[in-house]
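*Asks:* PDB, C-alpha atoms, pLDDT in the B column, saved as final_22.pdb, coming up:
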ATOM      1  CA  MET A   1      -2.344  10.759   1.191  1.00 41.00           C
ATOM      2  CA  LYS A   2      -0.172   8.403   3.201  1.00 41.00           C
ATOM      3  CA  LYS A   3      -0.184   4.639   2.959  1.00 42.00           C
ATOM      4  CA  VAL A   4       0.157   2.561   6.095  1.00 42.00           C
ATOM      5  CA  SER A   5      -0.040  -1.169   5.585  1.00 42.00           C
ATOM      6  CA  PHE A   6       1.694  -4.388   6.541  1.00 35.00           C
ATOM      7  CA  PHE A   7       1.538  -8.169   6.184  1.00 34.00           C
ATOM      8  CA  LEU A   8       1.174 -11.604   8.656  1.00 33.00           C
ATOM      9  CA  ILE A   9       2.081 -15.142   9.437  1.00 31.00           C
ATOM     10  CA  LEU A  10       1.336 -17.839  12.141  1.00 32.00           C
ATOM     11  CA  VAL A  11       2.568 -21.450  12.777  1.00 31.00           C
ATOM     12  CA  LEU A  12       0.177 -24.176  13.938  1.00 31.00           C
ATOM     13  CA  ILE A  13       1.373 -27.625  15.104  1.00 30.00           C
ATOM     14  CA  VAL A  14      -0.746 -30.627  14.143  1.00 32.00           C
ATOM     15  CA  SER A  15      -0.141 -33.892  16.026  1.00 37.00           C
ATOM     16  CA  CYS A  16      -1.179 -37.228  14.564  1.00 36.00           C
ATOM     17  CA  SER A  17      -2.569 -40.033  16.720  1.00 38.00           C
ATOM     18  CA  LYS A  18      -0.256 -42.419  18.589  1.00 37.00           C
ATOM     19  CA  ASN A  19       0.144 -46.069  17.667  1.00 40.00           C
ATOM     20  CA  SER A  20      -1.870 -48.873  19.270  1.00 37.00           C
ATOM     21  CA  GLU A  21       0.879 -49.731  21.784  1.00 40.00           C
ATOM     22  CA  ALA A  22       1.037 -46.224  23.198  1.00 38.00           C
ATOM     23  CA  GLU A  23      -1.517 -46.973  25.922  1.00 38.00           C
ATOM     24  CA  GLU A  24       0.912 -49.418  27.543  1.00 38.00           C
ATOM     25  CA  SER A  25       3.891 -47.102  27.278  1.00 36.00           C
ATOM     26  CA  SER A  26       4.955 -44.172  29.377  1.00 32.00           C
ATOM     27  CA  LEU A  27       4.261 -40.699  28.000  1.00 27.00           C
ATOM     28  CA  GLU A  28       7.959 -40.310  27.212  1.00 35.00           C
ATOM     29  CA  ASP A  29       7.953 -43.489  25.110  1.00 33.00           C
ATOM     30  CA  GLN A  30       4.885 -42.621  23.076  1.00 26.00           C
ATOM     31  CA  LYS A  31       5.610 -41.545  19.524  1.00 28.00           C
ATOM     32  CA  SER A  32       3.708 -39.028  17.435  1.00 29.00           C
ATOM     33  CA  ILE A  33       4.079 -37.493  14.013  1.00 26.00           C
ATOM     34  CA  VAL A  34       4.267 -33.697  14.025  1.00 33.00           C
ATOM     35  CA  ALA A  35       3.855 -31.608  10.890  1.00 37.00           C
ATOM     36  CA  PRO A  36       4.085 -27.803  10.704  1.00 47.00           C
ATOM     37  CA  VAL A  37       1.227 -26.039   8.911  1.00 65.00           C
ATOM     38  CA  SER A  38       1.749 -22.438   7.810  1.00 81.00           C
ATOM     39  CA  PHE A  39      -0.998 -20.069   8.871  1.00 81.00           C
ATOM     40  CA  TYR A  40       0.017 -17.849   5.975  1.00 87.00           C
ATOM     41  CA  GLY A  41      -0.050 -20.671   3.438  1.00 91.00           C
ATOM     42  CA  LEU A  42       3.673 -20.582   2.697  1.00 94.00           C
ATOM     43  CA  LYS A  43       4.020 -23.749   0.644  1.00 94.00           C
ATOM     44  CA  GLU A  44       5.094 -24.292  -2.946  1.00 95.00           C
ATOM     45  CA  GLY A  45       2.124 -24.469  -5.287  1.00 96.00           C
ATOM     46  CA  ASN A  46      -0.268 -22.475  -3.117  1.00 97.00           C
ATOM     47  CA  SER A  47      -1.976 -19.578  -4.875  1.00 98.00           C
ATOM     48  CA  TRP A  48      -4.552 -16.836  -4.319  1.00 98.00           C
ATOM     49  CA  VAL A  49      -6.485 -14.410  -6.505  1.00 98.00           C
ATOM     50  CA  TYR A  50      -7.552 -11.024  -5.125  1.00 98.00           C
ATOM     51  CA  LYS A  51      -9.668  -8.190  -6.485  1.00 98.00           C
ATOM     52  CA  SER A  52      -9.616  -4.577  -5.328  1.00 98.00           C
ATOM     53  CA  PHE A  53     -12.724  -2.538  -4.536  1.00 98.00           C
ATOM     54  CA  ARG A  54     -12.817   1.255  -4.012  1.00 97.00           C
ATOM     55  CA  ARG A  55     -15.241   3.194  -1.829  1.00 97.00           C
ATOM     56  CA  ASN A  56     -17.731   5.408  -3.614  1.00 96.00           C
ATOM     57  CA  ARG A  57     -17.618   8.522  -1.428  1.00 91.00           C
ATOM     58  CA  GLU A  58     -21.222   9.392  -2.267  1.00 92.00           C
ATOM     59  CA  THR A  59     -22.806   6.029  -1.438  1.00 94.00           C
ATOM     60  CA  ASP A  60     -20.118   4.513   0.852  1.00 92.00           C
ATOM     61  CA  SER A  61     -20.413   1.288  -1.164  1.00 95.00           C
ATOM     62  CA  TYR A  62     -17.332  -0.516  -2.475  1.00 97.00           C
ATOM     63  CA  GLU A  63     -17.135  -0.923  -6.240  1.00 97.00           C
ATOM     64  CA  ASP A  64     -15.048  -3.346  -8.268  1.00 97.00           C
ATOM     65  CA  ILE A  65     -12.222  -1.420  -9.982  1.00 97.00           C
ATOM     66  CA  ASN A  66     -10.976  -4.470 -11.951  1.00 96.00           C
ATOM     67  CA  VAL A  67      -7.516  -4.554 -10.375  1.00 98.00           C
ATOM     68  CA  VAL A  68      -6.555  -8.227  -9.977  1.00 98.00           C
ATOM     69  CA  ASP A  69      -3.613  -9.667  -8.029  1.00 98.00           C
ATOM     70  CA  SER A  70      -2.631 -13.278  -8.733  1.00 98.00           C
ATOM     71  CA  VAL A  71      -0.294 -14.513  -5.988  1.00 98.00           C
ATOM     72  CA  SER A  72       1.712 -17.760  -6.075  1.00 98.00           C
ATOM     73  CA  VAL A  73       4.316 -19.434  -3.878  1.00 97.00           C
ATOM     74  CA  LEU A  74       6.997 -20.534  -6.329  1.00 98.00           C
ATOM     75  CA  SER A  75       9.874 -22.091  -4.400  1.00 97.00           C
ATOM     76  CA  ARG A  76      12.097 -22.143  -1.334  1.00 95.00           C
ATOM     77  CA  GLU A  77      15.389 -20.271  -1.301  1.00 95.00           C
ATOM     78  CA  ILE A  78      18.195 -19.959   1.231  1.00 96.00           C
ATOM     79  CA  ILE A  79      19.122 -16.347   2.029  1.00 95.00           C
ATOM     80  CA  ASP A  80      21.791 -15.661   4.668  1.00 93.00           C
ATOM     81  CA  GLY A  81      21.295 -19.155   6.031  1.00 93.00           C
ATOM     82  CA  GLU A  82      17.509 -18.846   6.402  1.00 94.00           C
ATOM     83  CA  THR A  83      14.832 -20.557   4.290  1.00 94.00           C
ATOM     84  CA  PHE A  84      12.508 -18.115   2.525  1.00 96.00           C
ATOM     85  CA  PHE A  85       9.559 -18.717   0.216  1.00 97.00           C
ATOM     86  CA  LYS A  86       9.639 -16.904  -3.107  1.00 98.00           C
ATOM     87  CA  VAL A  87       6.206 -15.332  -3.647  1.00 98.00           C
ATOM     88  CA  ARG A  88       5.156 -13.863  -6.994  1.00 98.00           C
ATOM     89  CA  THR A  89       2.380 -11.292  -7.456  1.00 98.00           C
ATOM     90  CA  LYS A  90       1.066 -10.535 -10.948  1.00 98.00           C
ATOM     91  CA  THR A  91      -1.159  -7.450 -11.147  1.00 98.00           C
ATOM     92  CA  THR A  92      -3.444  -6.394 -13.999  1.00 98.00           C
ATOM     93  CA  GLY A  93      -6.065  -3.687 -14.439  1.00 98.00           C
ATOM     94  CA  ASN A  94      -4.246  -0.811 -12.736  1.00 98.00           C
ATOM     95  CA  GLU A  95      -3.486   1.274 -15.800  1.00 97.00           C
ATOM     96  CA  LYS A  96      -4.571   4.397 -13.902  1.00 95.00           C
ATOM     97  CA  GLY A  97      -2.158   3.845 -11.039  1.00 96.00           C
ATOM     98  CA  ILE A  98      -4.886   3.694  -8.377  1.00 96.00           C
ATOM     99  CA  ALA A  99      -3.553   4.464  -4.896  1.00 94.00           C
ATOM    100  CA  PHE A 100      -3.034   1.516  -2.505  1.00 96.00           C
ATOM    101  CA  CYS A 101      -3.221  -0.968  -5.391  1.00 97.00           C
ATOM    102  CA  ASN A 102      -0.172  -2.724  -6.791  1.00 97.00           C
ATOM    103  CA  PRO A 103       1.104  -1.337 -10.103  1.00 97.00           C
ATOM    104  CA  ASN A 104       0.621  -3.498 -13.182  1.00 98.00           C
ATOM    105  CA  GLY A 105       3.306  -6.085 -13.695  1.00 98.00           C
ATOM    106  CA  THR A 106       5.078  -8.754 -11.665  1.00 98.00           C
ATOM    107  CA  LYS A 107       6.827  -8.420  -8.326  1.00 97.00           C
ATOM    108  CA  TYR A 108       8.596 -10.943  -6.130  1.00 97.00           C
ATOM    109  CA  GLU A 109       8.876 -11.166  -2.353  1.00 96.00           C
ATOM    110  CA  PHE A 110      10.888 -13.474  -0.133  1.00 97.00           C
ATOM    111  CA  LEU A 111       8.988 -14.360   3.038  1.00 96.00           C
ATOM    112  CA  ARG A 112       9.455 -16.716   5.966  1.00 93.00           C
ATOM    113  CA  ASP A 113       7.780 -17.647   9.217  1.00 89.00           C
ATOM    114  CA  SER A 114       9.811 -16.831  12.304  1.00 85.00           C
ATOM    115  CA  LEU A 115       8.200 -17.814  15.606  1.00 83.00           C
ATOM    116  CA  GLY A 116       4.748 -16.848  14.368  1.00 83.00           C
ATOM    117  CA  SER A 117       5.764 -13.659  12.577  1.00 86.00           C
ATOM    118  CA  LEU A 118       5.941 -12.961   8.857  1.00 87.00           C
ATOM    119  CA  ILE A 119       9.390 -11.663   7.931  1.00 88.00           C
ATOM    120  CA  ASN A 120      10.814 -10.600   4.576  1.00 92.00           C
ATOM    121  CA  ASP A 121      14.390 -10.874   3.367  1.00 93.00           C
ATOM    122  CA  LYS A 122      15.105  -7.306   4.531  1.00 91.00           C
ATOM    123  CA  GLY A 123      14.490  -8.350   8.123  1.00 87.00           C
ATOM    124  CA  GLU A 124      11.192  -6.473   8.366  1.00 85.00           C
ATOM    125  CA  ILE A 125       8.438  -8.003  10.489  1.00 80.00           C
ATOM    126  CA  LEU A 126       5.279  -7.702   8.418  1.00 82.00           C
ATOM    127  CA  PHE A 127       2.839  -9.404  10.772  1.00 82.00           C
ATOM    128  CA  VAL A 128       2.871 -10.609  14.377  1.00 79.00           C
ATOM    129  CA  ASN A 129       0.333 -13.192  15.526  1.00 82.00           C
ATOM    130  CA  ASN A 130       1.438 -14.086  19.058  1.00 81.00           C
ATOM    131  CA  THR A 131       1.072 -10.842  21.005  1.00 78.00           C
ATOM    132  CA  ASN A 132      -1.665  -8.254  21.464  1.00 84.00           C
ATOM    133  CA  ASP A 133       0.832  -5.620  22.572  1.00 84.00           C
ATOM    134  CA  LYS A 134       1.075  -2.343  20.686  1.00 87.00           C
ATOM    135  CA  ILE A 135       4.104  -2.643  18.409  1.00 83.00           C
ATOM    136  CA  PHE A 136       6.017   0.374  17.107  1.00 88.00           C
ATOM    137  CA  ARG A 137       6.522   0.288  13.340  1.00 83.00           C
ATOM    138  CA  SER A 138       7.917   3.586  12.119  1.00 86.00           C
ATOM    139  CA  GLU A 139       8.040   7.322  12.647  1.00 86.00           C
ATOM    140  CA  ARG A 140       6.996   9.892  10.068  1.00 86.00           C
ATOM    141  CA  VAL A 141       7.280  13.674  10.157  1.00 85.00           C
ATOM    142  CA  GLU A 142       3.881  14.160  11.797  1.00 91.00           C
ATOM    143  CA  PHE A 143       3.010  10.798  13.349  1.00 94.00           C
ATOM    144  CA  GLU A 144       4.192   7.397  14.537  1.00 95.00           C
ATOM    145  CA  VAL A 145       2.851   4.116  13.155  1.00 94.00           C
ATOM    146  CA  PHE A 146       1.837   1.173  15.359  1.00 93.00           C
ATOM    147  CA  THR A 147       0.431  -2.312  14.794  1.00 90.00           C
ATOM    148  CA  GLU A 148      -1.819  -4.221  17.161  1.00 92.00           C
ATOM    149  CA  LEU A 149      -3.317  -7.686  16.854  1.00 93.00           C
ATOM    150  CA  LYS A 150      -6.925  -7.588  17.994  1.00 93.00           C
ATOM    151  CA  GLU A 151      -7.892 -10.022  20.745  1.00 88.00           C
ATOM    152  CA  GLU A 152     -11.078 -11.365  19.180  1.00 90.00           C
ATOM    153  CA  ALA A 153     -11.322 -13.395  15.984  1.00 92.00           C
ATOM    154  CA  ARG A 154     -13.462 -12.006  13.185  1.00 94.00           C
ATOM    155  CA  ASP A 155     -15.817 -13.762  10.774  1.00 96.00           C
ATOM    156  CA  ILE A 156     -15.103 -12.426   7.286  1.00 97.00           C
ATOM    157  CA  THR A 157     -17.022 -13.183   4.083  1.00 97.00           C
ATOM    158  CA  THR A 158     -15.606 -12.543   0.616  1.00 97.00           C
ATOM    159  CA  GLU A 159     -16.336 -13.899  -2.830  1.00 96.00           C
ATOM    160  CA  ALA A 160     -14.188 -16.928  -1.868  1.00 97.00           C
ATOM    161  CA  GLY A 161     -16.382 -17.912   1.097  1.00 97.00           C
ATOM    162  CA  GLU A 162     -16.712 -17.460   4.866  1.00 97.00           C
ATOM    163  CA  PHE A 163     -13.633 -17.476   7.078  1.00 96.00           C
ATOM    164  CA  LYS A 164     -12.641 -17.222  10.736  1.00 95.00           C
ATOM    165  CA  THR A 165      -9.800 -14.717  10.844  1.00 94.00           C
ATOM    166  CA  LEU A 166      -7.306 -12.848  12.988  1.00 93.00           C
ATOM    167  CA  ASP A 167      -7.421  -9.070  12.658  1.00 94.00           C
ATOM    168  CA  MET A 168      -4.245  -6.987  12.687  1.00 93.00           C
ATOM    169  CA  GLU A 169      -4.839  -3.244  12.896  1.00 95.00           C
ATOM    170  CA  THR A 170      -2.359  -0.562  11.865  1.00 94.00           C
ATOM    171  CA  TYR A 171      -2.836   3.032  12.960  1.00 95.00           C
ATOM    172  CA  ALA A 172      -1.017   6.316  13.563  1.00 95.00           C
ATOM    173  CA  ILE A 173      -0.489   8.521  16.643  1.00 95.00           C
ATOM    174  CA  ASP A 174      -0.181  12.279  16.132  1.00 94.00           C
ATOM    175  CA  LEU A 175       3.160  13.529  17.491  1.00 94.00           C
ATOM    176  CA  LYS A 176       1.703  16.938  18.419  1.00 92.00           C
ATOM    177  CA  ASP A 177      -0.912  15.769  20.919  1.00 94.00           C
ATOM    178  CA  SER A 178      -0.380  11.965  21.179  1.00 93.00           C
ATOM    179  CA  LYS A 179      -3.909  11.357  19.881  1.00 94.00           C
ATOM    180  CA  ARG A 180      -4.770   8.519  17.548  1.00 94.00           C
ATOM    181  CA  LEU A 181      -5.522   9.656  13.998  1.00 95.00           C
ATOM    182  CA  PRO A 182      -8.837   8.550  12.417  1.00 95.00           C
ATOM    183  CA  GLY A 183      -7.518   6.274   9.692  1.00 94.00           C
ATOM    184  CA  LYS A 184      -6.514   2.626  10.110  1.00 95.00           C
ATOM    185  CA  ASP A 185      -5.608  -0.387   8.004  1.00 96.00           C
ATOM    186  CA  ASN A 186      -6.776  -3.910   8.781  1.00 96.00           C
ATOM    187  CA  ASP A 187      -5.339  -7.247   7.668  1.00 94.00           C
ATOM    188  CA  TYR A 188      -7.465 -10.382   8.122  1.00 95.00           C
ATOM    189  CA  TYR A 189      -5.842 -13.822   7.925  1.00 91.00           C
ATOM    190  CA  SER A 190      -7.417 -17.266   8.220  1.00 92.00           C
ATOM    191  CA  PRO A 191      -5.402 -20.224   9.609  1.00 88.00           C
ATOM    192  CA  GLY A 192      -3.918 -22.395   6.886  1.00 88.00           C
ATOM    193  CA  ILE A 193      -5.309 -20.234   4.092  1.00 92.00           C
ATOM    194  CA  GLY A 194      -3.646 -16.846   4.466  1.00 91.00           C
ATOM    195  CA  LEU A 195      -4.774 -13.334   3.654  1.00 94.00           C
ATOM    196  CA  ILE A 196      -8.553 -13.044   3.272  1.00 96.00           C
ATOM    197  CA  LEU A 197      -9.151  -9.296   3.279  1.00 97.00           C
ATOM    198  CA  LYS A 198      -7.023  -6.173   3.476  1.00 97.00           C
ATOM    199  CA  LYS A 199      -8.392  -2.670   4.079  1.00 97.00           C
ATOM    200  CA  TYR A 200      -6.394   0.440   3.172  1.00 97.00           C
ATOM    201  CA  SER A 201      -7.005   3.917   4.571  1.00 95.00           C
ATOM    202  CA  THR A 202      -5.490   7.357   4.667  1.00 93.00           C
ATOM    203  CA  VAL A 203      -4.529   8.514   8.156  1.00 91.00           C
ATOM    204  CA  SER A 204      -7.115  11.303   8.071  1.00 91.00           C
ATOM    205  CA  ASP A 205     -10.223   9.291   7.060  1.00 92.00           C
ATOM    206  CA  SER A 206     -12.007   6.882   9.419  1.00 91.00           C
ATOM    207  CA  LYS A 207     -13.556   5.037   6.451  1.00 93.00           C
ATOM    208  CA  HIS A 208     -11.187   2.864   4.484  1.00 96.00           C
ATOM    209  CA  LEU A 209     -10.704   3.666   0.809  1.00 96.00           C
ATOM    210  CA  ILE A 210      -9.713   0.332  -0.760  1.00 97.00           C
ATOM    211  CA  GLU A 211     -10.583  -3.302  -0.020  1.00 97.00           C
ATOM    212  CA  ARG A 212      -8.477  -6.146  -1.387  1.00 98.00           C
ATOM    213  CA  ARG A 213     -10.666  -9.274  -1.230  1.00 98.00           C
ATOM    214  CA  LEU A 214      -9.856 -12.927  -1.743  1.00 98.00           C
ATOM    215  CA  GLN A 215     -11.698 -14.279  -4.809  1.00 98.00           C
ATOM    216  CA  SER A 216     -10.332 -17.834  -5.016  1.00 98.00           C
ATOM    217  CA  TYR A 217      -7.422 -19.905  -3.705  1.00 97.00           C
ATOM    218  CA  THR A 218      -5.573 -23.213  -3.996  1.00 97.00           C
ATOM    219  CA  ILE A 219      -3.985 -24.690  -0.876  1.00 94.00           C
ATOM    220  CA  LYS A 220      -1.967 -27.896  -1.218  1.00 91.00           C
TER     221      LYS A 220
END
Starting from the coordinates I provided, produce the structure as structure tokens.

*Replies:*
Amino acid sequence: MKKVSFFLILVLIVSCSKNSEAEESSLEDQKSIVAPVSFYGLKEGNSWVYKSFRRNRETDSYEDINVVDSVSVLSREIIDGETFFKVRTKTTGNEKGIAFCNPNGTKYEFLRDSLGSLINDKGEILFVNNTNDKIFRSERVEFEVFTELKEEARDITTEAGEFKTLDMETYAIDLKDSKRLPGKDNDYYSPGIGLILKKYSTVSDSKHLIERRLQSYTIK
């Protein structure tokens, strides 16, 4: 069983209204207030709670397996001259070491937004939001891994509510015959909120095995 999965980020620019004298001024003289808003929710104090669900191979329904991820943005840190957000994930309920779920315990990641892409402190691009081109990710012994942002937005419903999302798909191409393998992962992000749903698959199965769903969140 091989795991193929990745993460995302996007930057939106919000412009506030101009002052009352702007109508009499040239466009160059008009002033506005511009504030960056992280698509991925990278701001201190933001938090999310996720639960994992596993497919019952007999019924094709997804059942709660009681694995819970509590994710929090803790702080900003400067690494090699770049500002990263320190993100903590606490996982419980995975005593059995279920595949595609985080192991029990606490892990930390350092993430930043770079021109609409989510990048970690190792320089890896985890998600790209501004191109629909097929992007090469890695090469394995039997296949190559690619990521592609789907053109159409998707409406996704989880226990946390209904969301308009972007869908990033990750898949593999067989090196023997250049055919796409059946399995795929999907990451769904909603602007200003972050990750809503993540689907994990093996490369050989067209039906995903694990869903990681947003249960609740706090965005400041």

*Asks:* From the list A:Glu82, A:Asp64, A:Asp187, A:Asp121, which residue is nearest Leu149 (chain A) when using only C-alpha atoms?

*Replies:*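 Ranking A:Glu82, A:Asp64, A:Asp187, A:Asp121 by distance to Leu149 (chain A), first place goes to A:Asp187.
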
*Asks:* Between CA of Thr170 (chain A) and CA of Val145 (chain A), what is the distance in Å, rounded to a tenth?

*Replies:*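 Taking CA of Thr170 (chain A) as the start and CA of Val145 (chain A) as the end point, the length is 7.1 Å.
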
*Asks:* Take CA of Val128 (chain A) and CA of Ile210 (chain A) and report the distance between them in Å, one decimal.

*Replies:*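 These two atoms are separated by 22.5 Å.
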
*Asks:* A:Phe143, A:Tyr200, A:Phe163, A:Tyr40: which is nearest Arg212 (chain A), counting all atoms listed in the file?

*Replies:*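 The closest residue to Arg212 (chain A) is A:Tyr200.
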
*Asks:* Distance CA of Asn56 (chain A)-CA of Lys90 (chain A), one decimal place?

*Replies:*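 Taking CA of Asn56 (chain A) and CA of Lys90 (chain A), their separation equals 25.7 Å.
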
*Asks:* Which residues are near Val49 (chain A)? Cut-off 10 Å, all atoms listed in the file, ignore same chain within fewer than 3 positions. Put them as a list in words.

*Replies:*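 Contacts, with the query itself left out: Val68, Asp69, Ser70, Val71, Ser72, Thr89, Lys90, Thr91, Ala160, Arg212, Arg213, Leu214, Gln215, Ser216, Tyr217 and Thr218 of chain A.
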
*Asks:* Using all atoms listed in the file, can you list as a tab-separated table (two decimals) with C-alpha atoms, keeping the file's coordinate frame the residues within 8 Å of (-6.7, -13.8, 7.0)?

*Replies:*
chain	number	residue	atom	x	y	z
A	40	TYR	CA	0.02	-17.85	5.98
A	163	PHE	CA	-13.63	-17.48	7.08
A	164	LYS	CA	-12.64	-17.22	10.74
A	165	THR	CA	-9.80	-14.72	10.84
A	166	LEU	CA	-7.31	-12.85	12.99
A	167	ASP	CA	-7.42	-9.07	12.66
A	187	ASP	CA	-5.34	-7.25	7.67
A	188	TYR	CA	-7.46	-10.38	8.12
A	189	TYR	CA	-5.84	-13.82	7.92
A	190	SER	CA	-7.42	-17.27	8.22
A	191	PRO	CA	-5.40	-20.22	9.61
A	193	ILE	CA	-5.31	-20.23	4.09
A	194	GLY	CA	-3.65	-16.85	4.47
A	195	LEU	CA	-4.77	-13.33	3.65
A	196	ILE	CA	-8.55	-13.04	3.27
A	197	LEU	CA	-9.15	-9.30	3.28

*Asks:* Quick one: residues within 12 Å of (2.9, 0.3, -8.7) (file frame), counting only C-alpha atoms, please, as a list of chain:residue names.

*Replies:*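 I get A:Val67, A:Asp69, A:Thr89, A:Lys90, A:Thr91, A:Thr92, A:Gly93, A:Asn94, A:Glu95, A:Lys96, A:Gly97, A:Ile98, A:Ala99, A:Phe100, A:Cys101, A:Asn102, A:Pro103, A:Asn104, A:Gly105, A:Thr106, A:Lys107 for the residues within 12 Å of that point.
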
*Asks:* Counting all atoms listed in the file, figure out which residue out of A:Phe85, A:Tyr171, A:Trp48, A:Tyr62 gets nearest to Ile119 (chain A).

*Replies:*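 Comparing A:Phe85, A:Tyr171, A:Trp48, A:Tyr62 against Ile119 (chain A), the winner is A:Phe85.
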
*Asks:* All heavy atoms are needed for region 103-110 of chain A; please write them out as a PDB file, keeping the file's coordinate frame.

*Replies:*
ATOM      1  N   PRO A 103       1.004  -1.725  -8.693  1.00 97.00           N
ATOM      2  CA  PRO A 103       1.104  -1.337 -10.103  1.00 97.00           C
ATOM      3  C   PRO A 103       1.042  -2.568 -10.996  1.00 97.00           C
ATOM      4  O   PRO A 103       1.351  -3.685 -10.565  1.00 97.00           O
ATOM      5  CB  PRO A 103       2.469  -0.653 -10.187  1.00 97.00           C
ATOM      6  CG  PRO A 103       3.257  -1.259  -9.069  1.00 97.00           C
ATOM      7  CD  PRO A 103       2.266  -1.531  -7.959  1.00 97.00           C
ATOM      8  N   ASN A 104       0.631  -2.387 -12.232  1.00 98.00           N
ATOM      9  CA  ASN A 104       0.621  -3.498 -13.182  1.00 98.00           C
ATOM     10  C   ASN A 104       2.011  -4.101 -13.319  1.00 98.00           C
ATOM     11  O   ASN A 104       3.022  -3.403 -13.259  1.00 98.00           O
ATOM     12  CB  ASN A 104       0.137  -3.019 -14.557  1.00 98.00           C
ATOM     13  CG  ASN A 104      -1.370  -2.884 -14.615  1.00 98.00           C
ATOM     14  OD1 ASN A 104      -2.087  -3.302 -13.716  1.00 98.00           O
ATOM     15  ND2 ASN A 104      -1.859  -2.293 -15.700  1.00 98.00           N
ATOM     16  N   GLY A 105       2.028  -5.407 -13.520  1.00 98.00           N
ATOM     17  CA  GLY A 105       3.306  -6.085 -13.695  1.00 98.00           C
ATOM     18  C   GLY A 105       3.494  -7.186 -12.677  1.00 98.00           C
ATOM     19  O   GLY A 105       2.548  -7.631 -12.020  1.00 98.00           O
ATOM     20  N   THR A 106       4.742  -7.642 -12.550  1.00 98.00           N
ATOM     21  CA  THR A 106       5.078  -8.754 -11.665  1.00 98.00           C
ATOM     22  C   THR A 106       6.096  -8.315 -10.632  1.00 98.00           C
ATOM     23  O   THR A 106       7.072  -7.643 -10.952  1.00 98.00           O
ATOM     24  CB  THR A 106       5.658  -9.923 -12.478  1.00 98.00           C
ATOM     25  OG1 THR A 106       4.705 -10.333 -13.468  1.00 98.00           O
ATOM     26  CG2 THR A 106       5.970 -11.110 -11.571  1.00 98.00           C
ATOM     27  N   LYS A 107       5.845  -8.678  -9.381  1.00 97.00           N
ATOM     28  CA  LYS A 107       6.827  -8.420  -8.326  1.00 97.00           C
ATOM     29  C   LYS A 107       7.069  -9.704  -7.544  1.00 97.00           C
ATOM     30  O   LYS A 107       6.225 -10.612  -7.518  1.00 97.00           O
ATOM     31  CB  LYS A 107       6.365  -7.301  -7.385  1.00 97.00           C
ATOM     32  CG  LYS A 107       5.222  -7.682  -6.467  1.00 97.00           C
ATOM     33  CD  LYS A 107       4.954  -6.558  -5.454  1.00 97.00           C
ATOM     34  CE  LYS A 107       3.859  -6.966  -4.452  1.00 97.00           C
ATOM     35  NZ  LYS A 107       3.615  -5.903  -3.452  1.00 97.00           N
ATOM     36  N   TYR A 108       8.223  -9.775  -6.909  1.00 97.00           N
ATOM     37  CA  TYR A 108       8.596 -10.943  -6.130  1.00 97.00           C
ATOM     38  C   TYR A 108       8.941 -10.528  -4.698  1.00 97.00           C
ATOM     39  O   TYR A 108       9.545  -9.480  -4.478  1.00 97.00           O
ATOM     40  CB  TYR A 108       9.802 -11.644  -6.764  1.00 97.00           C
ATOM     41  CG  TYR A 108       9.517 -12.183  -8.143  1.00 97.00           C
ATOM     42  CD1 TYR A 108       9.784 -11.416  -9.275  1.00 97.00           C
ATOM     43  CD2 TYR A 108       8.977 -13.455  -8.324  1.00 97.00           C
ATOM     44  CE1 TYR A 108       9.502 -11.892 -10.548  1.00 97.00           C
ATOM     45  CE2 TYR A 108       8.706 -13.949  -9.588  1.00 97.00           C
ATOM     46  CZ  TYR A 108       8.976 -13.163 -10.698  1.00 97.00           C
ATOM     47  OH  TYR A 108       8.693 -13.639 -11.953  1.00 97.00           O
ATOM     48  N   GLU A 109       8.524 -11.361  -3.751  1.00 96.00           N
ATOM     49  CA  GLU A 109       8.876 -11.166  -2.353  1.00 96.00           C
ATOM     50  C   GLU A 109       9.467 -12.451  -1.813  1.00 96.00           C
ATOM     51  O   GLU A 109       9.151 -13.546  -2.289  1.00 96.00           O
ATOM     52  CB  GLU A 109       7.642 -10.802  -1.521  1.00 96.00           C
ATOM     53  CG  GLU A 109       6.968  -9.514  -1.912  1.00 96.00           C
ATOM     54  CD  GLU A 109       5.673  -9.313  -1.132  1.00 96.00           C
ATOM     55  OE1 GLU A 109       4.660  -9.916  -1.531  1.00 96.00           O
ATOM     56  OE2 GLU A 109       5.705  -8.579  -0.126  1.00 96.00           O
ATOM     57  N   PHE A 110      10.325 -12.311  -0.807  1.00 97.00           N
ATOM     58  CA  PHE A 110      10.888 -13.474  -0.133  1.00 97.00           C
ATOM     59  C   PHE A 110      10.449 -13.407   1.325  1.00 97.00           C
ATOM     60  O   PHE A 110      10.822 -12.488   2.063  1.00 97.00           O
ATOM     61  CB  PHE A 110      12.409 -13.479  -0.264  1.00 97.00           C
ATOM     62  CG  PHE A 110      12.870 -13.681  -1.677  1.00 97.00           C
ATOM     63  CD1 PHE A 110      13.075 -12.596  -2.518  1.00 97.00           C
ATOM     64  CD2 PHE A 110      13.067 -14.962  -2.181  1.00 97.00           C
ATOM     65  CE1 PHE A 110      13.482 -12.779  -3.829  1.00 97.00           C
ATOM     66  CE2 PHE A 110      13.477 -15.157  -3.493  1.00 97.00           C
ATOM     67  CZ  PHE A 110      13.678 -14.056  -4.322  1.00 97.00           C
TER      68      PHE A 110
END
